[in-house]
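Data from target-v5.txt: compact mmCIF, C-alpha atoms
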```txt
# COMPACT_ATOMS: atom_id res chain seq x y z
CA MET A 1 -30.71 -75.72 -19.30
CA PHE A 2 -31.56 -72.00 -19.37
CA TYR A 3 -33.79 -70.97 -22.25
CA LYS A 4 -32.42 -67.56 -23.21
CA HIS A 5 -34.74 -65.68 -25.51
CA SER A 6 -33.40 -64.86 -28.96
CA ASN A 7 -32.58 -61.41 -30.31
CA ASN A 8 -35.14 -62.20 -32.99
CA TYR A 9 -38.67 -62.50 -31.64
CA THR A 10 -42.26 -61.32 -31.85
CA VAL A 11 -44.61 -60.71 -28.92
CA GLU A 12 -48.15 -59.36 -28.64
CA SER A 13 -50.69 -57.80 -26.32
CA VAL A 14 -54.42 -57.05 -26.44
CA THR A 15 -56.67 -54.34 -25.03
CA SER A 16 -59.20 -54.74 -22.23
CA GLY A 17 -61.95 -54.98 -24.86
CA HIS A 18 -60.58 -58.12 -26.48
CA PRO A 19 -63.07 -61.01 -25.99
CA ASP A 20 -60.63 -63.23 -24.05
CA LYS A 21 -59.62 -60.34 -21.82
CA ILE A 22 -63.26 -59.48 -21.13
CA CYS A 23 -63.60 -63.00 -19.73
CA ASP A 24 -60.39 -62.73 -17.69
CA GLN A 25 -61.56 -59.46 -16.14
CA ILE A 26 -64.98 -60.87 -15.30
CA SER A 27 -63.44 -63.97 -13.69
CA ASP A 28 -61.05 -61.90 -11.57
CA ALA A 29 -63.73 -59.36 -10.63
CA ILE A 30 -65.84 -62.23 -9.30
CA LEU A 31 -62.82 -63.59 -7.41
CA ASP A 32 -62.16 -60.15 -5.89
CA ALA A 33 -65.79 -59.82 -4.81
CA TYR A 34 -65.57 -63.10 -2.90
CA LEU A 35 -62.21 -62.27 -1.30
CA ALA A 36 -63.44 -58.83 -0.21
CA LEU A 37 -66.12 -60.51 1.93
CA ASP A 38 -64.37 -63.79 2.78
CA PRO A 39 -60.55 -63.83 2.36
CA LYS A 40 -60.50 -67.62 2.65
CA SER A 41 -62.83 -68.13 -0.30
CA ARG A 42 -61.85 -70.85 -2.71
CA VAL A 43 -62.71 -69.82 -6.21
CA ALA A 44 -62.19 -71.31 -9.65
CA ILE A 45 -64.39 -69.34 -12.04
CA GLU A 46 -64.31 -69.45 -15.82
CA ALA A 47 -66.17 -67.22 -18.27
CA PHE A 48 -67.13 -68.00 -21.87
CA GLY A 49 -68.78 -65.28 -23.89
CA GLY A 50 -69.76 -64.24 -27.37
CA HIS A 51 -72.55 -62.94 -29.56
CA GLY A 52 -74.81 -61.68 -26.79
CA LYS A 53 -74.29 -64.54 -24.34
CA LEU A 54 -72.03 -65.12 -21.35
CA VAL A 55 -71.67 -68.39 -19.45
CA ILE A 56 -70.07 -68.50 -16.00
CA GLY A 57 -68.99 -71.88 -14.67
CA GLY A 58 -66.80 -73.13 -11.88
CA GLU A 59 -66.37 -74.14 -8.28
CA VAL A 60 -66.69 -71.87 -5.24
CA THR A 61 -66.52 -72.54 -1.53
CA SER A 62 -67.14 -69.33 0.41
CA ASN A 63 -69.17 -67.73 3.20
CA ALA A 64 -69.72 -64.73 0.95
CA LYS A 65 -72.78 -64.09 -1.19
CA ILE A 66 -72.24 -61.95 -4.26
CA ASP A 67 -74.35 -60.61 -7.12
CA TYR A 68 -72.80 -62.14 -10.22
CA LYS A 69 -74.88 -60.26 -12.77
CA LYS A 70 -74.22 -56.90 -11.15
CA ILE A 71 -70.45 -57.53 -11.14
CA ILE A 72 -70.45 -58.72 -14.75
CA GLN A 73 -72.47 -55.76 -16.00
CA LYS A 74 -70.20 -53.31 -14.15
CA VAL A 75 -67.04 -54.80 -15.66
CA TYR A 76 -68.55 -54.93 -19.14
CA LYS A 77 -69.69 -51.31 -18.99
CA GLU A 78 -66.37 -50.06 -17.60
CA ILE A 79 -64.53 -51.72 -20.48
CA GLY A 80 -66.70 -49.70 -22.85
CA TYR A 81 -69.45 -51.98 -24.13
CA THR A 82 -73.14 -51.11 -23.95
CA ASP A 83 -74.84 -54.13 -25.57
CA LYS A 84 -76.93 -56.50 -23.47
CA LEU A 85 -75.65 -59.90 -22.38
CA LYS A 86 -77.74 -62.95 -21.65
CA ILE A 87 -75.98 -64.40 -18.59
CA SER A 88 -76.02 -68.02 -17.48
CA ILE A 89 -74.37 -69.13 -14.21
CA ASN A 90 -73.45 -72.70 -13.30
CA ARG A 91 -71.56 -72.77 -10.00
CA VAL A 92 -70.94 -75.63 -7.56
CA LYS A 93 -68.83 -76.17 -4.44
CA GLN A 94 -65.21 -77.25 -4.66
CA SER A 95 -64.79 -81.02 -4.93
CA PRO A 96 -64.41 -82.53 -1.44
CA ASP A 97 -61.58 -84.68 -2.79
CA ILE A 98 -59.60 -81.56 -3.70
CA ALA A 99 -60.61 -79.76 -0.50
CA LYS A 100 -59.23 -82.62 1.59
CA GLY A 101 -55.71 -81.88 0.37
CA VAL A 102 -56.02 -78.10 0.38
CA ASP A 103 -57.42 -78.00 3.93
CA THR A 104 -54.10 -79.32 5.25
CA GLY A 105 -52.06 -76.74 3.34
CA GLY A 106 -51.45 -78.75 0.20
CA ALA A 107 -51.42 -77.51 -3.37
CA GLY A 108 -54.80 -77.14 -5.06
CA ASP A 109 -53.52 -78.86 -8.18
CA GLN A 110 -50.50 -80.49 -9.72
CA GLY A 111 -48.43 -78.68 -12.32
CA ILE A 112 -45.30 -76.81 -13.30
CA MET A 113 -44.89 -73.04 -12.96
CA TYR A 114 -42.19 -70.73 -14.26
CA GLY A 115 -40.96 -67.31 -13.18
CA TYR A 116 -38.59 -65.13 -15.13
CA ALA A 117 -36.82 -61.80 -14.82
CA THR A 118 -34.28 -59.87 -16.87
CA ASP A 119 -32.38 -56.65 -16.22
CA GLU A 120 -33.21 -55.53 -19.76
CA THR A 121 -35.84 -53.01 -18.58
CA PRO A 122 -36.87 -51.29 -15.32
CA GLU A 123 -39.86 -53.66 -15.30
CA PHE A 124 -37.47 -56.66 -15.26
CA LEU A 125 -39.17 -57.90 -18.45
CA PRO A 126 -38.03 -58.19 -22.08
CA LYS A 127 -38.33 -54.84 -23.84
CA GLY A 128 -40.68 -56.26 -26.47
CA VAL A 129 -43.13 -57.46 -23.83
CA VAL A 130 -43.09 -54.04 -22.16
CA LEU A 131 -43.62 -52.19 -25.45
CA ALA A 132 -46.48 -54.43 -26.63
CA HIS A 133 -48.36 -53.84 -23.36
CA LYS A 134 -47.68 -50.09 -23.44
CA LEU A 135 -49.07 -49.84 -26.96
CA ALA A 136 -52.24 -51.74 -26.04
CA LYS A 137 -52.74 -49.79 -22.82
CA ARG A 138 -52.24 -46.51 -24.68
CA LEU A 139 -55.04 -47.48 -27.07
CA GLU A 140 -57.38 -47.82 -24.10
CA GLU A 141 -56.19 -44.62 -22.43
CA MET A 142 -56.60 -42.54 -25.58
CA ARG A 143 -60.09 -43.98 -26.11
CA LYS A 144 -61.28 -43.35 -22.54
CA LYS A 145 -59.82 -39.84 -22.50
CA GLU A 146 -61.52 -39.26 -25.90
CA MET A 147 -58.20 -38.15 -27.39
CA ILE A 148 -59.08 -40.28 -30.42
CA LYS A 149 -62.86 -40.24 -30.62
CA TRP A 150 -63.33 -43.06 -33.15
CA LEU A 151 -61.46 -45.68 -31.12
CA ARG A 152 -63.50 -48.63 -29.82
CA PRO A 153 -62.62 -51.12 -27.05
CA ASP A 154 -61.19 -54.09 -28.96
CA GLY A 155 -57.61 -54.08 -30.17
CA LYS A 156 -54.32 -55.93 -30.52
CA THR A 157 -50.66 -54.95 -30.69
CA GLN A 158 -47.57 -56.81 -31.81
CA VAL A 159 -43.87 -55.97 -31.96
CA THR A 160 -41.02 -57.72 -33.76
CA TYR A 161 -37.35 -57.41 -32.87
CA THR A 162 -34.56 -58.40 -35.27
CA ASN A 163 -30.96 -58.59 -34.04
CA GLY A 164 -32.13 -56.95 -30.83
CA LYS A 165 -33.55 -53.89 -32.59
CA LEU A 166 -37.20 -52.96 -33.10
CA HIS A 167 -38.17 -53.98 -36.63
CA THR A 168 -42.00 -53.88 -36.83
CA VAL A 169 -44.87 -52.45 -34.83
CA LEU A 170 -48.37 -53.72 -35.60
CA VAL A 171 -51.52 -52.14 -34.18
CA SER A 172 -55.01 -53.39 -34.98
CA THR A 173 -57.78 -51.40 -33.36
CA GLN A 174 -61.54 -51.44 -33.48
CA HIS A 175 -62.97 -48.18 -34.76
CA SER A 176 -66.22 -46.44 -35.63
CA LYS A 177 -67.70 -46.93 -39.08
CA ASP A 178 -67.30 -43.34 -40.20
CA VAL A 179 -63.50 -43.08 -40.14
CA LYS A 180 -61.24 -43.78 -43.12
CA LEU A 181 -58.19 -46.04 -43.01
CA GLU A 182 -55.85 -43.19 -43.92
CA GLU A 183 -56.90 -41.25 -40.81
CA ILE A 184 -56.63 -44.35 -38.64
CA LYS A 185 -53.06 -44.98 -39.79
CA LYS A 186 -52.09 -41.33 -39.33
CA GLU A 187 -53.59 -40.93 -35.84
CA ILE A 188 -52.41 -44.30 -34.51
CA THR A 189 -48.87 -43.66 -35.73
CA LYS A 190 -48.79 -40.10 -34.35
CA LYS A 191 -50.61 -40.56 -31.02
CA ILE A 192 -50.14 -44.22 -30.09
CA ILE A 193 -46.91 -45.53 -31.62
CA ASN A 194 -44.44 -42.66 -32.02
CA PRO A 195 -44.63 -41.39 -28.39
CA LEU A 196 -43.38 -44.79 -27.21
CA LEU A 197 -40.42 -45.03 -29.61
CA SER A 198 -36.98 -43.44 -29.64
CA PRO A 199 -36.16 -40.95 -32.42
CA LEU A 200 -34.03 -43.58 -34.13
CA GLU A 201 -36.76 -46.22 -33.89
CA ARG A 202 -39.26 -43.85 -35.48
CA LYS A 203 -36.98 -43.53 -38.50
CA THR A 204 -36.26 -47.23 -38.96
CA VAL A 205 -39.34 -49.12 -37.74
CA LYS A 206 -41.88 -50.68 -40.07
CA ILE A 207 -45.42 -49.75 -38.98
CA LEU A 208 -48.56 -51.70 -39.78
CA VAL A 209 -51.99 -50.37 -38.76
CA ASN A 210 -55.22 -52.34 -39.30
CA PRO A 211 -53.77 -54.46 -42.10
CA THR A 212 -57.19 -55.93 -42.99
CA GLY A 213 -58.34 -52.39 -43.78
CA ARG A 214 -61.43 -52.48 -41.55
CA PHE A 215 -62.15 -53.37 -37.90
CA THR A 216 -65.60 -52.09 -36.90
CA ALA A 217 -67.02 -55.22 -35.22
CA GLY A 218 -65.21 -56.14 -32.01
CA GLY A 219 -65.57 -57.76 -28.62
CA PHE A 220 -68.34 -60.32 -28.19
CA GLU A 221 -70.07 -58.96 -31.30
CA ALA A 222 -67.31 -60.29 -33.52
CA ASP A 223 -65.78 -63.18 -31.62
CA THR A 224 -65.99 -65.47 -28.62
CA GLY A 225 -63.85 -65.10 -25.52
CA LEU A 226 -62.65 -67.52 -22.88
CA THR A 227 -60.93 -67.13 -19.52
CA GLY A 228 -57.27 -68.12 -19.63
CA ARG A 229 -56.75 -68.09 -23.37
CA LYS A 230 -54.08 -65.38 -23.30
CA ILE A 231 -51.52 -67.02 -21.00
CA MET A 232 -48.51 -65.90 -23.03
CA ILE A 233 -49.66 -62.29 -23.07
CA ASP A 234 -50.28 -62.59 -19.32
CA THR A 235 -46.69 -63.72 -18.66
CA TYR A 236 -43.53 -63.43 -20.77
CA GLY A 237 -44.76 -63.42 -24.34
CA GLY A 238 -43.73 -67.00 -25.01
CA LEU A 239 -40.04 -66.08 -24.76
CA VAL A 240 -39.48 -68.53 -21.89
CA PRO A 241 -41.31 -71.76 -20.95
CA HIS A 242 -44.86 -71.74 -19.58
CA GLY A 243 -46.38 -74.48 -17.43
CA GLY A 244 -49.73 -74.17 -19.19
CA GLY A 245 -52.00 -73.12 -16.32
CA CYS A 246 -53.89 -69.84 -16.50
CA PHE A 247 -54.27 -67.35 -13.64
CA SER A 248 -57.55 -65.45 -13.85
CA GLY A 249 -60.51 -66.59 -11.76
CA LYS A 250 -58.40 -68.71 -9.41
CA ASP A 251 -57.73 -68.03 -5.74
CA ALA A 252 -54.21 -68.47 -4.38
CA THR A 253 -54.62 -72.07 -3.21
CA LYS A 254 -54.38 -72.86 -6.92
CA VAL A 255 -50.62 -73.04 -7.44
CA ASP A 256 -51.09 -72.37 -11.16
CA ARG A 257 -51.41 -68.79 -9.99
CA SER A 258 -49.61 -68.48 -6.65
CA GLY A 259 -46.69 -70.69 -7.65
CA ALA A 260 -46.13 -68.65 -10.82
CA TYR A 261 -46.33 -65.40 -8.84
CA MET A 262 -43.80 -66.70 -6.30
CA ALA A 263 -41.48 -67.89 -9.06
CA ARG A 264 -41.59 -64.40 -10.60
CA PHE A 265 -40.94 -62.82 -7.18
CA VAL A 266 -37.89 -65.04 -6.67
CA ALA A 267 -36.53 -64.55 -10.20
CA LYS A 268 -36.83 -60.77 -9.91
CA SER A 269 -35.23 -60.77 -6.47
CA LEU A 270 -32.29 -62.84 -7.74
CA VAL A 271 -31.67 -60.54 -10.71
CA ALA A 272 -31.94 -57.45 -8.50
CA SER A 273 -29.49 -59.02 -6.05
CA GLY A 274 -26.89 -59.62 -8.76
CA TYR A 275 -27.22 -63.36 -9.31
CA GLY A 276 -27.69 -62.97 -13.04
CA LYS A 277 -28.78 -60.70 -15.85
CA GLU A 278 -31.57 -63.19 -16.55
CA VAL A 279 -32.99 -65.78 -14.15
CA LEU A 280 -35.53 -68.53 -14.77
CA VAL A 281 -37.19 -70.23 -11.79
CA SER A 282 -39.32 -73.35 -12.08
CA VAL A 283 -41.39 -75.19 -9.47
CA ALA A 284 -43.57 -78.30 -9.60
CA TYR A 285 -46.32 -79.53 -7.26
CA ALA A 286 -48.41 -82.62 -6.56
CA ILE A 287 -52.05 -81.98 -5.68
CA GLY A 288 -52.64 -82.08 -1.93
CA MET A 289 -48.94 -81.86 -1.04
CA ALA A 290 -47.39 -78.73 0.44
CA GLU A 291 -43.73 -79.41 -0.35
CA PRO A 292 -42.89 -78.82 -4.03
CA LEU A 293 -41.64 -81.79 -6.00
CA MET A 294 -39.02 -79.60 -7.67
CA ILE A 295 -37.51 -76.15 -7.32
CA GLU A 296 -34.98 -75.06 -9.91
CA ALA A 297 -33.36 -71.73 -10.67
CA ILE A 298 -30.73 -70.95 -13.29
CA ASN A 299 -29.20 -67.83 -14.79
CA GLU A 300 -28.17 -66.98 -18.34
CA LYS A 301 -24.68 -68.43 -17.74
CA GLY A 302 -26.14 -71.79 -16.80
CA GLU A 303 -25.27 -71.37 -13.12
CA ASP A 304 -27.52 -73.35 -10.77
CA LEU A 305 -29.15 -71.05 -8.18
CA SER A 306 -31.51 -73.68 -6.76
CA LYS A 307 -29.72 -73.99 -3.41
CA ILE A 308 -29.86 -70.23 -2.89
CA VAL A 309 -33.59 -70.28 -3.60
CA ARG A 310 -34.29 -73.12 -1.16
CA GLN A 311 -32.31 -71.36 1.57
CA ASN A 312 -34.13 -68.03 1.18
CA PHE A 313 -37.66 -68.73 -0.07
CA ASN A 314 -40.54 -70.99 1.00
CA PHE A 315 -42.64 -72.35 -1.86
CA GLU A 316 -45.28 -74.11 0.25
CA PRO A 317 -48.72 -72.76 -0.79
CA LEU A 318 -49.68 -71.33 2.62
CA ALA A 319 -46.26 -69.68 2.96
CA ILE A 320 -46.64 -68.08 -0.47
CA ILE A 321 -50.12 -66.80 0.38
CA LYS A 322 -48.83 -65.25 3.60
CA LYS A 323 -45.63 -63.85 2.08
CA LEU A 324 -47.36 -62.15 -0.84
CA GLY A 325 -50.71 -61.34 0.82
CA LEU A 326 -52.69 -63.27 -1.76
CA GLN A 327 -56.03 -63.41 0.07
CA LYS A 328 -56.76 -59.76 -0.71
CA PRO A 329 -59.01 -58.57 -3.59
CA ILE A 330 -56.16 -57.47 -5.85
CA TYR A 331 -56.71 -59.55 -8.95
CA GLU A 332 -58.91 -57.68 -11.41
CA GLN A 333 -56.04 -55.27 -12.11
CA THR A 334 -53.89 -58.20 -13.25
CA ALA A 335 -56.37 -59.29 -15.92
CA THR A 336 -55.14 -56.74 -18.48
CA TYR A 337 -51.69 -55.79 -19.79
CA GLY A 338 -49.79 -58.57 -18.05
CA HIS A 339 -49.53 -59.97 -14.54
CA PHE A 340 -45.93 -58.83 -14.21
CA GLY A 341 -44.11 -55.51 -14.34
CA LYS A 342 -46.68 -53.50 -12.35
CA LYS A 343 -45.09 -51.85 -9.32
CA ASN A 344 -48.07 -52.06 -6.96
CA LEU A 345 -48.37 -55.87 -7.04
CA PRO A 346 -46.80 -57.80 -4.14
CA TRP A 347 -44.91 -60.30 -6.29
CA GLU A 348 -43.22 -57.36 -8.03
CA LYS A 349 -41.44 -56.31 -4.85
CA ILE A 350 -37.80 -57.26 -4.35
CA GLN A 351 -36.29 -59.25 -1.52
CA LYS A 352 -32.57 -58.78 -1.21
CA VAL A 353 -30.78 -62.12 -1.22
```
Starting from the coordinates I provided, produce the structure as structure tokens.
Amino acid sequence: MFYKHSNNYTVESVTSGHPDKICDQISDAILDAYLALDPKSRVAIEAFGGHGKLVIGGEVTSNAKIDYKKIIQKVYKEIGYTDKLKISINRVKQSPDIAKGVDTGGAGDQGIMYGYATDETPEFLPKGVVLAHKLAKRLEEMRKKEMIKWLRPDGKTQVTYTNGKLHTVLVSTQHSKDVKLEEIKKEITKKIINPLLSPLERKTVKILVNPTGRFTAGGFEADTGLTGRKIMIDTYGGLVPHGGGCFSGKDATKVDRSGAYMARFVAKSLVASGYGKEVLVSVAYAIGMAEPLMIEAINEKGEDLSKIVRQNFNFEPLAIIKKLGLQKPIYEQTATYGHFGKKNLPWEKIQKV
């Protein structure tokens, strides 16, 4: 049965300086570094950081040699942090038991993946998801351009829709110690929120800015972060089902990532080709097997599109990798502001069906 998202919902996003997103970016930067030197690298890298320490763990099989600490420090500095990190790395080769199945073209893990698209926005995403990401990204852009000088890297956004209309916008942003809450509210409303709203929305929306009243400690100073802990922000905001697997730090033999990307590609292509206003695609794999155990696609009317999908798209892992060009170093850009809705990503292209 199709799970159509309600007209009443809340979704969120976070900035690049959020602790979990720091870890996602580091994991994907490491993945990209391997793929740039060896496109057939198999990588599953996780990062856990907080309070001056960062631990990298995972499995890598690659002919490439990379400088982990140099990559980590570059990412951390580009986000906007200057404090020192004590870095610990614990990396081993991929399990030979897993490799045995992947070597023959099988899936790198079992699991269920979902892809979704809606004609609600040009991005083929729910309008709340698009707005939450735009708000968070605008925080970063205004900080890096020094348009708001007291902004700091950590931040979160949230939007609530009631009866299909924007009801509440919430922005929490890290800031310098010398700025007062009144100025924060005024500047965030004027320069971050209002430019993204319609004239009517500006009149009717409820705006919340830094509701705790103070947000000076952020990033790893204030909290711990972990790769893959923002899977709803990365996808569809929790408005449709999620298989549970994260994306960042994983190469494309891991169907948690490639299967979800392919499902999104198919869902978007079906909506663009007129098969529904909303389409949900789901796929399931067994580890080591190339042929999916299940492929299902359904639109908002409950019409079964599975046969059309099977006739036009190949969900075997190696076919997905080839179709979408997933052995290229393209992943760090996905680690912030969602993996979907960005025009330059291969799974965001449209295949006419």
In the coordinate frame of the file, compute which residues have an atom within 6 Å of (-36.7, -58.0, -31.8) when using all atoms listed in the file, and state them as a PyMOL selection string. chain A and resi 7-9+160-162+164-166
Hey, can you pull every residue with an atom no more than 12 Å from (-48.5, -57.2, -29.2), using all atoms listed in the file, and send it as a PyMOL selection string? chain A and resi 9-15+127-137+139+155-161+168-173+208+230+232-234+236-238+337-338
If you count all atoms listed in the file, which residues fall within 10 Å of A:Pro292, apart from same-chain ones fewer than 5 positions away, as a list in words?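 These residues fall inside the cut-off: Gly106, Ala107, Gln110, Gly111, Ile112, Gly259, Val283, Ala284, Tyr285, Ala286, Ile287, Asn314, Phe315, Glu316 and Pro317 of chain A.
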Residue nearest A:Ala290 among A:Leu35, A:Met142, A:Leu305, A:Val102 (counting only C-alpha atoms):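 Using only C-alpha atoms, the shortest distance to A:Ala290 belongs to A:Val102.
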Residues near A:Ser16, cut-off 8 Å, all atoms listed in the file, skip fewer than 6 positions along chain, as JSON, numbers by chain: {"A": [22, 79, 140, 153, 154, 336, 337]}
Reconstruct N, CA and C atoms of stretch 38-69 of chain A from the incomplete input and present them as a PDB file, in the frame of the given file.
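Final output, part-v8.pdb:
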```pdb
ATOM      1  N   ASP A  38     -64.887 -62.593   2.115  1.00  0.00           N
ATOM      2  CA  ASP A  38     -64.370 -63.790   2.780  1.00  0.00           C
ATOM      3  C   ASP A  38     -62.990 -64.104   2.212  1.00  0.00           C
ATOM      4  N   PRO A  39     -61.908 -63.649   2.884  1.00  0.00           N
ATOM      5  CA  PRO A  39     -60.550 -63.830   2.360  1.00  0.00           C
ATOM      6  C   PRO A  39     -60.135 -65.288   2.157  1.00  0.00           C
ATOM      7  N   LYS A  40     -60.846 -66.206   2.785  1.00  0.00           N
ATOM      8  CA  LYS A  40     -60.500 -67.620   2.650  1.00  0.00           C
ATOM      9  C   LYS A  40     -61.333 -68.333   1.580  1.00  0.00           C
ATOM     10  N   SER A  41     -62.028 -67.551   0.783  1.00  0.00           N
ATOM     11  CA  SER A  41     -62.830 -68.130  -0.300  1.00  0.00           C
ATOM     12  C   SER A  41     -61.956 -68.950  -1.241  1.00  0.00           C
ATOM     13  N   ARG A  42     -62.508 -70.051  -1.679  1.00  0.00           N
ATOM     14  CA  ARG A  42     -61.850 -70.850  -2.710  1.00  0.00           C
ATOM     15  C   ARG A  42     -62.660 -70.720  -3.982  1.00  0.00           C
ATOM     16  N   VAL A  43     -61.996 -70.209  -4.999  1.00  0.00           N
ATOM     17  CA  VAL A  43     -62.710 -69.820  -6.210  1.00  0.00           C
ATOM     18  C   VAL A  43     -61.970 -70.339  -7.441  1.00  0.00           C
ATOM     19  N   ALA A  44     -62.699 -70.945  -8.332  1.00  0.00           N
ATOM     20  CA  ALA A  44     -62.190 -71.310  -9.650  1.00  0.00           C
ATOM     21  C   ALA A  44     -63.301 -71.025 -10.651  1.00  0.00           C
ATOM     22  N   ILE A  45     -63.293 -69.818 -11.199  1.00  0.00           N
ATOM     23  CA  ILE A  45     -64.390 -69.340 -12.040  1.00  0.00           C
ATOM     24  C   ILE A  45     -63.907 -69.081 -13.460  1.00  0.00           C
ATOM     25  N   GLU A  46     -64.616 -69.650 -14.411  1.00  0.00           N
ATOM     26  CA  GLU A  46     -64.310 -69.450 -15.820  1.00  0.00           C
ATOM     27  C   GLU A  46     -65.481 -68.709 -16.483  1.00  0.00           C
ATOM     28  N   ALA A  47     -65.153 -67.920 -17.491  1.00  0.00           N
ATOM     29  CA  ALA A  47     -66.170 -67.220 -18.270  1.00  0.00           C
ATOM     30  C   ALA A  47     -65.994 -67.558 -19.750  1.00  0.00           C
ATOM     31  N   PHE A  48     -67.118 -67.745 -20.421  1.00  0.00           N
ATOM     32  CA  PHE A  48     -67.130 -68.000 -21.870  1.00  0.00           C
ATOM     33  C   PHE A  48     -68.213 -67.117 -22.469  1.00  0.00           C
ATOM     34  N   GLY A  49     -67.812 -66.229 -23.358  1.00  0.00           N
ATOM     35  CA  GLY A  49     -68.780 -65.280 -23.890  1.00  0.00           C
ATOM     36  C   GLY A  49     -68.670 -65.072 -25.374  1.00  0.00           C
ATOM     37  N   GLY A  50     -69.754 -64.575 -25.952  1.00  0.00           N
ATOM     38  CA  GLY A  50     -69.760 -64.240 -27.370  1.00  0.00           C
ATOM     39  C   GLY A  50     -71.158 -64.092 -27.914  1.00  0.00           C
ATOM     40  N   HIS A  51     -71.321 -63.091 -28.788  1.00  0.00           N
ATOM     41  CA  HIS A  51     -72.550 -62.940 -29.560  1.00  0.00           C
ATOM     42  C   HIS A  51     -73.792 -62.839 -28.665  1.00  0.00           C
ATOM     43  N   GLY A  52     -73.674 -61.984 -27.635  1.00  0.00           N
ATOM     44  CA  GLY A  52     -74.810 -61.680 -26.790  1.00  0.00           C
ATOM     45  C   GLY A  52     -75.011 -62.595 -25.600  1.00  0.00           C
ATOM     46  N   LYS A  53     -74.140 -63.595 -25.446  1.00  0.00           N
ATOM     47  CA  LYS A  53     -74.290 -64.540 -24.340  1.00  0.00           C
ATOM     48  C   LYS A  53     -73.009 -64.649 -23.527  1.00  0.00           C
ATOM     49  N   LEU A  54     -73.174 -64.902 -22.236  1.00  0.00           N
ATOM     50  CA  LEU A  54     -72.030 -65.120 -21.350  1.00  0.00           C
ATOM     51  C   LEU A  54     -72.362 -66.262 -20.401  1.00  0.00           C
ATOM     52  N   VAL A  55     -71.489 -67.250 -20.350  1.00  0.00           N
ATOM     53  CA  VAL A  55     -71.670 -68.390 -19.450  1.00  0.00           C
ATOM     54  C   VAL A  55     -70.581 -68.344 -18.384  1.00  0.00           C
ATOM     55  N   ILE A  56     -70.994 -68.432 -17.125  1.00  0.00           N
ATOM     56  CA  ILE A  56     -70.070 -68.500 -16.000  1.00  0.00           C
ATOM     57  C   ILE A  56     -70.149 -69.902 -15.413  1.00  0.00           C
ATOM     58  N   GLY A  57     -69.013 -70.546 -15.265  1.00  0.00           N
ATOM     59  CA  GLY A  57     -68.990 -71.880 -14.670  1.00  0.00           C
ATOM     60  C   GLY A  57     -67.811 -72.014 -13.736  1.00  0.00           C
ATOM     61  N   GLY A  58     -67.931 -72.916 -12.766  1.00  0.00           N
ATOM     62  CA  GLY A  58     -66.800 -73.130 -11.880  1.00  0.00           C
ATOM     63  C   GLY A  58     -67.190 -73.631 -10.518  1.00  0.00           C
ATOM     64  N   GLU A  59     -66.201 -73.610  -9.630  1.00  0.00           N
ATOM     65  CA  GLU A  59     -66.370 -74.140  -8.280  1.00  0.00           C
ATOM     66  C   GLU A  59     -66.022 -73.059  -7.262  1.00  0.00           C
ATOM     67  N   VAL A  60     -66.905 -72.880  -6.277  1.00  0.00           N
ATOM     68  CA  VAL A  60     -66.690 -71.870  -5.240  1.00  0.00           C
ATOM     69  C   VAL A  60     -67.075 -72.436  -3.895  1.00  0.00           C
ATOM     70  N   THR A  61     -66.190 -72.254  -2.923  1.00  0.00           N
ATOM     71  CA  THR A  61     -66.520 -72.540  -1.530  1.00  0.00           C
ATOM     72  C   THR A  61     -66.245 -71.265  -0.742  1.00  0.00           C
ATOM     73  N   SER A  62     -67.291 -70.625  -0.230  1.00  0.00           N
ATOM     74  CA  SER A  62     -67.140 -69.330   0.410  1.00  0.00           C
ATOM     75  C   SER A  62     -68.326 -69.033   1.315  1.00  0.00           C
ATOM     76  N   ASN A  63     -68.087 -68.231   2.350  1.00  0.00           N
ATOM     77  CA  ASN A  63     -69.170 -67.730   3.200  1.00  0.00           C
ATOM     78  C   ASN A  63     -69.808 -66.477   2.610  1.00  0.00           C
ATOM     79  N   ALA A  64     -69.213 -65.963   1.553  1.00  0.00           N
ATOM     80  CA  ALA A  64     -69.720 -64.730   0.950  1.00  0.00           C
ATOM     81  C   ALA A  64     -70.831 -65.023  -0.055  1.00  0.00           C
ATOM     82  N   LYS A  65     -71.731 -64.065  -0.181  1.00  0.00           N
ATOM     83  CA  LYS A  65     -72.780 -64.090  -1.190  1.00  0.00           C
ATOM     84  C   LYS A  65     -72.597 -62.870  -2.080  1.00  0.00           C
ATOM     85  N   ILE A  66     -72.488 -63.071  -3.362  1.00  0.00           N
ATOM     86  CA  ILE A  66     -72.240 -61.950  -4.260  1.00  0.00           C
ATOM     87  C   ILE A  66     -73.277 -61.939  -5.393  1.00  0.00           C
ATOM     88  N   ASP A  67     -73.413 -60.790  -6.019  1.00  0.00           N
ATOM     89  CA  ASP A  67     -74.350 -60.610  -7.120  1.00  0.00           C
ATOM     90  C   ASP A  67     -73.573 -60.719  -8.442  1.00  0.00           C
ATOM     91  N   TYR A  68     -73.583 -61.896  -9.018  1.00  0.00           N
ATOM     92  CA  TYR A  68     -72.800 -62.140 -10.220  1.00  0.00           C
ATOM     93  C   TYR A  68     -73.166 -61.187 -11.353  1.00  0.00           C
ATOM     94  N   LYS A  69     -74.444 -61.055 -11.623  1.00  0.00           N
ATOM     95  CA  LYS A  69     -74.880 -60.260 -12.770  1.00  0.00           C
ATOM     96  C   LYS A  69     -74.498 -58.789 -12.615  1.00  0.00           C
TER      97      LYS A  69
END
```
